[in-house]
Amino acid sequence: RQLQLAAGTTGHDAGAIQVALECFAASYVMARTLEDVRGEVDALNLAALCYREMQRPEVALKMFLGCVDLCNKAGDTQGHAQAAGNAALAMRALGRVDEAIPLQAESIGLAMQCRDWPCAIRAHVNLSNLILAAAAQRARARGNGVPGGALPTTEEARLHTDAGQQLTAALALLDARCGEMVPDEARALEAQVCMRLAGVLTLQASEEGVLEKARQLYARALAALRVDPAAGSSDDGAGEPPSDADADSKRAKVHAARPSSRAAVGARDGADTGVYDEHGIEDERMAYMDPQLAAAVQGRLDALAARLKPDDDERKNVSPDGRAHAMA
């Protein structure tokens, strides 16, 4: 897979965010060159996560919205749901809470549509957090941002209730679908949702019985956290290897791939035509590639192309029908 070939996951696991970013950007260029939309989304999403870790939410948002666009065009509902949720979180980091709320709500609907229950539950939790952030913004705007201030306004109280409803919906969905989820993930989500809902309920402590319900939720969260999760196993899902002809075609494309020379000066005008020219990729989603990053990406592509390009000894060891044979 192109993303694995770029060693992007290795760089990220090592904790070197800049190295990971270079790998993911190189992966994106290759995926565009190979016309692999799924690879484009994966690489762009991972590059955006790097920028989020680097406290660059404005760049991350642009890339997450690019993922939304790609998934929408490809009919990838699950990817669209996840990208919309990530974009909403980036908007929140930029203080654009009111804009993020409908995008996060869209993520819930898409996740439910494709039956991605963990994504839907997380989206409910994130929407609750956004609603609470909106209430906090309104409290600060009227000078009630410190403890001991005036009681919440009617609008703020409604927002607190709305946030609680989102978490209640998340818990109901979890209880209904936990049997279809990985046990470790279900327990982690149970603890998270219960603790968040208990916290929201304490904001409504004036209502009878609310504090007792909050205590019960905290107890349930602790019970979920105390369970030792069983070690899971993963399936690489490598599938069938590509044919020799397909591999040769991809090698040739990767060898010729280059980041756009114009990416360093910003996005081009007009809509993305999806045309691949001799310079490689011209794409507004790659406008974040400053000259230093573009040079690093080019170095990784050149090194990868050298590894994929058959050497002279390999060529001598290939029969006229294109099949490799053992050397005497």
# chains A, B, ... in the order shown; residues from 1 in each chain; ligands from 1
$ residues_around --residues "stretch 107-111 of chain A" --least-positions-apart "6" --cutoff "12 Å" --atoms "only C-alpha atoms" --output "NGL selection string"
:A and (68 or 71-72 or 75-89 or 100-101 or 117-128 or 166 or 169-170 or 173)
$ residues_around --residues "A:Gln137" --least-positions-apart "3" --cutoff "12 Å" --atoms "only C-alpha atoms" --output "ChimeraX atom specification"
/A:92,95-98,130-134,140-145,152,155-156,159
$ closest_residue --among "A:Leu65, A:Leu94, A:Val200, A:Ala26" --to "A:Leu293" --atoms "only C-alpha atoms"
A:Ala26
